[in-house]
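Here is my_file36.txt, consisting of compact mmCIF, C-alpha atoms and all ligand atoms:
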# COMPACT_ATOMS: atom_id res chain seq x y z
CA MET A 12 135.33 126.94 52.67
CA ALA A 13 131.75 127.35 51.48
CA LYS A 14 130.48 130.28 49.51
CA ILE A 15 128.00 132.31 51.55
CA LEU A 16 124.61 132.93 49.96
CA ASP A 17 124.04 136.50 51.09
CA GLY A 18 120.29 136.94 51.56
CA LYS A 19 120.71 140.50 52.64
CA ALA A 20 122.44 141.50 49.41
CA VAL A 21 120.11 139.47 47.16
CA SER A 22 117.00 140.81 48.91
CA GLN A 23 118.29 144.34 48.44
CA ARG A 24 118.66 143.74 44.70
CA VAL A 25 115.11 142.35 44.56
CA LYS A 26 113.76 145.37 46.47
CA ASN A 27 115.65 147.81 44.22
CA ALA A 28 114.11 146.22 41.14
CA LEU A 29 110.66 146.36 42.75
CA LYS A 30 111.18 150.03 43.55
CA ASP A 31 111.84 150.80 39.87
CA GLU A 32 108.82 148.76 38.80
CA THR A 33 106.65 150.44 41.40
CA GLU A 34 107.60 153.90 40.14
CA LYS A 35 106.35 152.91 36.68
CA PHE A 36 103.21 151.38 38.15
CA VAL A 37 102.38 154.53 40.12
CA GLU A 38 103.01 156.70 37.06
CA LYS A 39 100.77 154.56 34.89
CA TYR A 40 97.85 153.91 37.24
CA GLY A 41 98.04 156.77 39.75
CA ILE A 42 97.82 154.45 42.76
CA LYS A 43 100.35 152.78 45.03
CA PRO A 44 100.43 149.06 45.79
CA GLY A 45 98.95 148.73 49.29
CA LEU A 46 99.74 146.18 52.00
CA ALA A 47 97.83 145.70 55.26
CA VAL A 48 99.69 143.91 58.03
CA VAL A 49 97.57 142.61 60.89
CA ILE A 50 99.16 141.62 64.18
CA VAL A 51 97.25 140.32 67.20
CA GLY A 52 98.91 140.41 70.63
CA ASP A 53 102.37 141.66 71.44
CA ASP A 54 104.85 138.86 70.84
CA PRO A 55 108.20 140.72 70.59
CA ALA A 56 109.52 138.51 67.76
CA SER A 57 106.37 139.10 65.69
CA ARG A 58 106.76 142.81 66.37
CA VAL A 59 110.26 142.79 64.86
CA TYR A 60 109.03 141.08 61.65
CA VAL A 61 106.08 143.45 61.29
CA ASN A 62 108.39 146.44 61.62
CA SER A 63 110.71 145.12 58.89
CA LYS A 64 107.70 144.61 56.60
CA LYS A 65 106.60 148.23 57.15
CA LYS A 66 110.11 149.46 56.53
CA ALA A 67 110.35 147.51 53.27
CA CYS A 68 107.02 149.00 52.09
CA ALA A 69 108.26 152.53 52.75
CA GLU A 70 111.55 151.81 51.00
CA ILE A 71 109.88 150.49 47.83
CA GLY A 72 107.12 153.12 47.75
CA TYR A 73 104.05 151.12 48.77
CA TYR A 74 101.15 152.31 50.84
CA SER A 75 101.03 150.29 54.07
CA GLU A 76 98.72 149.98 57.03
CA GLU A 77 99.39 148.29 60.30
CA HIS A 78 96.52 146.93 62.35
CA ALA A 79 97.84 146.09 65.80
CA LEU A 80 95.07 144.44 67.80
CA PRO A 81 95.15 143.45 71.48
CA GLU A 82 95.61 139.83 72.60
CA SER A 83 91.97 139.87 73.75
CA THR A 84 90.63 140.36 70.19
CA THR A 85 87.90 137.84 69.38
CA GLU A 86 87.77 135.67 66.28
CA GLY A 87 84.67 137.58 65.16
CA GLU A 88 86.44 140.93 65.47
CA LEU A 89 89.40 139.70 63.46
CA LEU A 90 87.09 138.26 60.79
CA SER A 91 85.33 141.64 60.53
CA LEU A 92 88.66 143.38 60.00
CA VAL A 93 89.65 140.87 57.29
CA GLU A 94 86.28 141.45 55.56
CA LYS A 95 86.80 145.20 55.71
CA LEU A 96 90.30 144.87 54.19
CA ASN A 97 88.95 142.51 51.49
CA GLY A 98 86.66 145.32 50.38
CA ASP A 99 89.20 148.14 50.70
CA GLU A 100 90.41 149.36 47.28
CA LYS A 101 93.64 150.85 48.70
CA ILE A 102 94.67 147.42 49.97
CA HIS A 103 96.00 144.86 47.48
CA GLY A 104 97.71 142.53 49.95
CA ILE A 105 96.62 141.33 53.38
CA LEU A 106 99.02 139.64 55.76
CA VAL A 107 97.76 138.32 59.08
CA GLN A 108 100.85 137.64 61.15
CA LEU A 109 101.01 134.07 62.48
CA PRO A 110 100.86 132.54 65.02
CA LEU A 111 97.55 133.92 66.29
CA PRO A 112 96.46 133.67 69.94
CA LYS A 113 95.11 130.21 70.89
CA HIS A 114 91.46 131.32 71.06
CA ILE A 115 91.44 132.25 67.36
CA ASN A 116 91.12 129.56 64.69
CA GLU A 117 93.93 130.33 62.21
CA GLU A 118 92.40 128.27 59.43
CA LYS A 119 89.14 130.22 59.65
CA ILE A 120 91.01 133.52 59.36
CA ILE A 121 93.17 132.39 56.43
CA ASN A 122 90.08 131.07 54.62
CA ALA A 123 88.41 134.48 55.02
CA ILE A 124 91.15 136.38 53.17
CA ASN A 125 90.31 137.09 49.54
CA PRO A 126 92.72 134.76 47.65
CA LYS A 127 93.60 137.65 45.32
CA LYS A 128 94.92 139.60 48.34
CA ASP A 129 96.56 136.59 50.01
CA VAL A 130 100.19 137.69 49.61
CA ASP A 131 101.36 134.90 51.97
CA ALA A 132 99.80 132.31 49.62
CA PHE A 133 98.33 130.46 52.62
CA HIS A 134 94.71 130.31 51.36
CA PRO A 135 93.66 126.84 50.09
CA VAL A 136 92.97 128.27 46.62
CA ASN A 137 96.55 129.50 46.37
CA VAL A 138 97.96 126.34 47.93
CA GLY A 139 96.11 124.33 45.28
CA LYS A 140 97.38 126.56 42.48
CA ILE A 141 100.95 126.06 43.70
CA MET A 142 100.53 122.30 43.55
CA ILE A 143 99.26 122.52 39.96
CA GLY A 144 102.10 124.88 39.05
CA ASN A 145 99.93 127.73 37.80
CA PHE A 146 100.06 130.39 40.47
CA ASP A 147 99.85 134.14 41.12
CA PHE A 148 101.77 134.10 44.39
CA LEU A 149 104.47 131.88 45.76
CA PRO A 150 104.72 131.44 49.52
CA CYS A 151 107.33 133.94 50.70
CA THR A 152 109.87 131.78 52.51
CA PRO A 153 110.04 128.91 49.98
CA ALA A 154 110.12 131.48 47.14
CA GLY A 155 113.01 133.26 48.87
CA VAL A 156 114.89 129.96 49.11
CA MET A 157 114.39 129.33 45.38
CA GLU A 158 115.63 132.82 44.58
CA LEU A 159 118.83 132.22 46.60
CA ILE A 160 119.42 128.85 44.88
CA ASN A 161 118.84 130.50 41.51
CA GLU A 162 121.15 133.37 42.36
CA ALA A 163 123.89 130.85 43.17
CA GLY A 164 123.55 129.57 39.61
CA ILE A 165 122.50 126.07 40.67
CA ASP A 166 120.53 123.92 38.23
CA LEU A 167 118.25 121.64 40.26
CA THR A 168 117.43 119.20 37.45
CA GLY A 169 117.89 115.67 38.77
CA LYS A 170 119.45 116.89 42.01
CA ASN A 171 118.75 115.11 45.27
CA CYS A 172 116.98 117.72 47.38
CA VAL A 173 116.08 116.98 50.97
CA VAL A 174 113.64 119.19 52.88
CA VAL A 175 113.56 118.62 56.62
CA GLY A 176 110.27 119.89 58.03
CA ARG A 177 106.72 119.48 56.72
CA SER A 178 104.89 122.63 57.79
CA ASN A 179 102.23 124.12 55.53
CA ILE A 180 104.18 127.38 55.55
CA VAL A 181 107.63 126.10 54.60
CA GLY A 182 108.33 122.36 54.23
CA LYS A 183 105.40 121.25 52.06
CA PRO A 184 105.37 124.18 49.59
CA GLN A 185 109.20 124.13 49.50
CA ALA A 186 109.15 120.52 48.33
CA MET A 187 106.66 121.42 45.61
CA LEU A 188 108.74 124.34 44.30
CA LEU A 189 111.86 122.14 44.15
CA LEU A 190 109.83 119.51 42.30
CA HIS A 191 108.73 122.12 39.74
CA LYS A 192 112.45 122.68 39.04
CA ASN A 193 112.87 118.96 38.27
CA ALA A 194 114.62 117.99 41.49
CA THR A 195 114.20 114.60 43.14
CA VAL A 196 112.67 115.60 46.45
CA THR A 197 112.63 113.87 49.83
CA ILE A 198 110.70 115.30 52.77
CA CYS A 199 111.91 114.32 56.25
CA HIS A 200 110.13 115.10 59.52
CA SER A 201 110.04 114.25 63.21
CA LYS A 202 108.99 110.65 62.57
CA THR A 203 111.62 109.98 59.87
CA LYS A 204 114.11 107.24 60.72
CA ASN A 205 117.83 107.87 60.24
CA ILE A 206 117.54 111.47 59.10
CA LYS A 207 121.31 111.75 58.95
CA GLU A 208 121.58 108.90 56.41
CA ILE A 209 119.13 110.76 54.19
CA THR A 210 120.59 114.26 54.50
CA LYS A 211 124.10 112.90 53.89
CA ASN A 212 123.00 112.12 50.33
CA ALA A 213 121.45 115.54 49.74
CA ASP A 214 122.88 117.72 46.99
CA VAL A 215 120.63 120.43 48.40
CA LEU A 216 119.50 120.45 52.03
CA VAL A 217 116.72 122.76 53.24
CA ALA A 218 116.53 122.76 57.03
CA ALA A 219 113.20 123.96 58.42
CA VAL A 220 112.58 122.22 61.73
CA GLY A 221 113.04 124.90 64.37
CA ARG A 222 115.77 123.11 66.34
CA ALA A 223 118.82 125.23 67.04
CA GLN A 224 121.99 124.07 65.26
CA MET A 225 120.76 120.50 64.76
CA PHE A 226 122.46 119.97 61.38
CA ASP A 227 126.20 119.86 61.93
CA GLY A 228 128.82 118.79 59.40
CA ASP A 229 128.01 115.09 59.95
CA TYR A 230 124.63 115.64 58.25
CA ILE A 231 126.11 117.29 55.17
CA LYS A 232 127.42 115.77 51.95
CA ASP A 233 130.68 117.20 50.60
CA GLY A 234 129.86 120.03 48.20
CA ALA A 235 126.18 120.27 49.19
CA VAL A 236 124.10 123.43 49.02
CA VAL A 237 122.83 124.13 52.55
CA ILE A 238 119.80 126.38 53.09
CA ASP A 239 118.90 127.26 56.66
CA VAL A 240 115.30 128.36 57.25
CA GLY A 241 115.58 128.09 61.05
CA MET A 242 115.28 131.08 63.39
CA ASN A 243 116.07 130.11 66.95
CA ARG A 244 116.82 132.51 69.76
CA LEU A 245 119.41 131.06 72.18
CA GLU A 246 119.40 131.86 75.91
CA ASN A 247 122.20 134.38 75.33
CA LYS A 248 119.80 136.13 72.88
CA LYS A 249 121.90 135.09 69.88
CA LEU A 250 119.85 134.24 66.77
CA VAL A 251 120.88 130.92 65.20
CA GLY A 252 119.47 128.67 62.51
CA ASP A 253 118.77 124.93 62.37
CA VAL A 254 122.24 124.44 60.88
CA ASP A 255 125.46 124.48 62.85
CA PHE A 256 127.05 126.99 60.52
CA GLU A 257 130.73 126.52 61.49
CA SER A 258 130.91 122.78 60.92
CA ALA A 259 128.40 122.64 58.05
CA ALA A 260 130.31 125.34 56.14
CA LYS A 261 133.39 123.08 56.13
CA LYS A 262 131.49 120.55 54.00
CA ALA A 263 129.07 122.69 51.97
CA SER A 264 129.81 124.38 48.63
CA CYS A 265 127.23 127.11 49.39
CA ILE A 266 125.47 127.93 52.64
CA THR A 267 123.04 130.56 53.94
CA PRO A 268 123.83 132.36 57.20
CA VAL A 269 121.36 133.19 59.99
CA PRO A 270 120.69 136.07 60.26
CA GLY A 271 121.18 137.50 56.77
CA GLY A 272 120.07 134.46 54.75
CA VAL A 273 116.52 133.31 54.15
CA GLY A 274 114.88 135.85 56.54
CA PRO A 275 115.46 138.98 54.45
CA MET A 276 114.46 137.05 51.32
CA THR A 277 111.08 136.23 52.89
CA ILE A 278 110.34 139.94 53.17
CA ALA A 279 111.54 140.67 49.63
CA MET A 280 109.20 137.97 48.27
CA LEU A 281 106.29 139.41 50.27
CA MET A 282 106.98 142.74 48.57
CA LYS A 283 107.06 141.03 45.18
CA ASN A 284 103.69 139.39 45.84
CA THR A 285 102.20 142.73 46.89
CA LEU A 286 103.15 144.33 43.57
CA THR A 287 101.75 141.31 41.71
CA ALA A 288 98.47 141.65 43.63
CA ALA A 289 98.25 145.36 42.79
CA LYS A 290 98.97 144.68 39.10
CA ASN A 291 96.31 141.97 38.98
CA ALA A 292 93.83 144.31 40.67
CA VAL A 293 94.28 147.12 38.13
CA LEU A 294 94.08 144.61 35.27
CA GLY A 295 90.88 143.20 36.75
CA LYS A 296 92.50 139.74 36.98
N1 LIG A 301 101.48 135.52 57.98
C1 LIG A 301 102.80 135.42 58.21
N2 LIG A 301 103.67 135.54 57.19
C2 LIG A 301 105.03 135.46 57.40
O1 LIG A 301 105.84 135.56 56.44
C3 LIG A 301 105.49 135.27 58.74
C4 LIG A 301 104.53 135.14 59.76
N3 LIG A 301 103.21 135.21 59.47
N4 LIG A 301 104.92 134.96 61.04
C5 LIG A 301 106.32 134.93 61.41
C6 LIG A 301 107.20 134.46 60.28
C7 LIG A 301 108.67 134.77 60.42
N5 LIG A 301 109.00 135.65 59.32
C8 LIG A 301 110.25 136.26 59.16
C9 LIG A 301 110.48 137.27 58.27
C10 LIG A 301 111.69 137.91 58.19
C11 LIG A 301 112.73 137.57 59.01
C12 LIG A 301 114.03 138.29 58.94
O2 LIG A 301 114.19 139.24 58.20
N6 LIG A 301 115.02 137.92 59.75
C13 LIG A 301 116.31 138.57 59.87
C14 LIG A 301 116.73 138.77 61.31
C15 LIG A 301 115.68 139.34 62.20
C16 LIG A 301 116.11 139.38 63.67
O3 LIG A 301 117.25 139.80 63.94
O4 LIG A 301 115.31 138.95 64.52
C17 LIG A 301 117.39 137.71 59.23
O5 LIG A 301 117.23 136.49 59.16
O6 LIG A 301 118.43 138.25 58.87
C18 LIG A 301 112.53 136.54 59.89
C19 LIG A 301 111.31 135.90 59.97
C20 LIG A 301 107.89 135.86 58.58
N7 LIG A 301 106.84 135.18 59.07
Now that the file is in, can you turn its structure into structure tokens?
Amino acid sequence: MAKILDGKAVSQRVKNALKDETEKFVEKYGIKPGLAVVIVGDDPASRVYVNSKKKACAEIGYYSEEHALPESTTEGELLSLVEKLNGDEKIHGILVQLPLPKHINEEKIINAINPKKDVDAFHPVNVGKIMIGNFDFLPCTPAGVMELINEAGIDLTGKNCVVVGRSNIVGKPQAMLLLHKNATVTICHSKTKNIKEITKNADVLVAAVGRAQMFDGDYIKDGAVVIDVGMNRLENKKLVGDVDFESAAKKASCITPVPGGVGPMTIAMLMKNTLTAAKNAVLGK
């Protein structure tokens, strides 16, 4: 039976360490790291994530602000808020919860965030820095995955890593982070032929497609590390990943559960980026 990579436990350790560091930061500089979370509309799932971000800020000792705007907010209004937060000294990190309503151009909003406050690492400047390998922030979900792999004591050098999914938020940056650790990386997506033949050779599989329980044991190599980034709500309200946990766990050496795997790590990495942003701000970096 596979070892479970417990994202809840690892994220708690990360947050505890950040709490200690934050105490020292506050003592030294007399200010708290500050995060602004912006949410437009009232998607219940988004609501849940925003609440966990606020809770994590309180737990670690950050200042946090929530800006909950109505669905009818215009692009111009949202841009004005971003500009205001860019210029606000109390705020070191800005997170605009995605997805945004259809009438707002997401790219425009992301481009308006000061890259130094872009704790999601979605701004093109930060995306470019990640590709070069010289970065301030890592994107939260891929960074959380790397932290779990690291925690499991896995050396990625020369390993066959397969990322399924090519989103700008997860798949593409994930592949880059694995590459930085000297893995041989394959990216699969909806147009890939014979996905199963490819994943069956993966020493490490990262599933990020958004299809409930697609990857059963038949997709998994014996002894593989299986990381499930999926978050799918079934009709019975149960939250499941992209991996069929039961059957995949029979083949894997290590596997992340959903919930309690990558999700909590995403939030811990957001908190890490917020402290980094605050440190850079006080150092004038
Ligand atoms: N600008 C932006 N940045 C994001 O980082 C961002 C975003 N927009 N939009 C939505 C997604 C999703 N996301 C999650 C964070 C934590 C959990 C999490 O903690 N999940 C719990 C379960 C939560 C539940 O029960 O619903 C777990 O997996 O154990 C999940 C999903 C961040 N996102």
Using all atoms listed in the file, which residues of chain A come within 6 Å of ligand LIG 301 (chain A), and what is the closest atom pair for each, with the distance in Å to one decimal? Give it as a tab-separated table, sorted by chain and residue number.
residue	atom	partner	partner_atom	distance
A:Ser57	CA	A:LIG301	C5	6.0
A:Tyr60	CA	A:LIG301	C9	5.3
A:Leu106	CA	A:LIG301	N1	5.3
A:Val107	CA	A:LIG301	N1	4.8
A:Gln108	CA	A:LIG301	N3	3.8
A:Leu109	CA	A:LIG301	N3	3.9
A:Asp131	CA	A:LIG301	N2	5.7
A:Val269	CA	A:LIG301	O5	5.4
A:Pro270	CA	A:LIG301	O6	3.4
A:Gly271	CA	A:LIG301	O6	3.5
A:Gly272	CA	A:LIG301	O5	5.6
A:Val273	CA	A:LIG301	O5	6.0
A:Gly274	CA	A:LIG301	C12	3.5
A:Pro275	CA	A:LIG301	O2	4.0
A:Thr277	CA	A:LIG301	C9	5.5
A:Ile278	CA	A:LIG301	C10	5.6
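The space between CA of Met280 in chain A and CA of Pro126 in chain A spans 16.8 Å.
Using only C-alpha atoms for every distance, the candidate list A:Ala67, A:Val254, A:Ala47, A:Val61 yields A:Val254 as the residue closest to Val220 in chain A.
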Choose the residue, out of A:Ala259, A:Val138, A:Leu96, A:Ile209, that has the smallest atom-to-atom separation from Phe226 in chain A; count only C-alpha atoms.
->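 Among the listed residues, the smallest separation from Phe226 in chain A belongs to A:Ala259.
CA of Pro135 in chain A to CA of Glu117 in chain A spans 12.6 Å [interatomic distance, one decimal].
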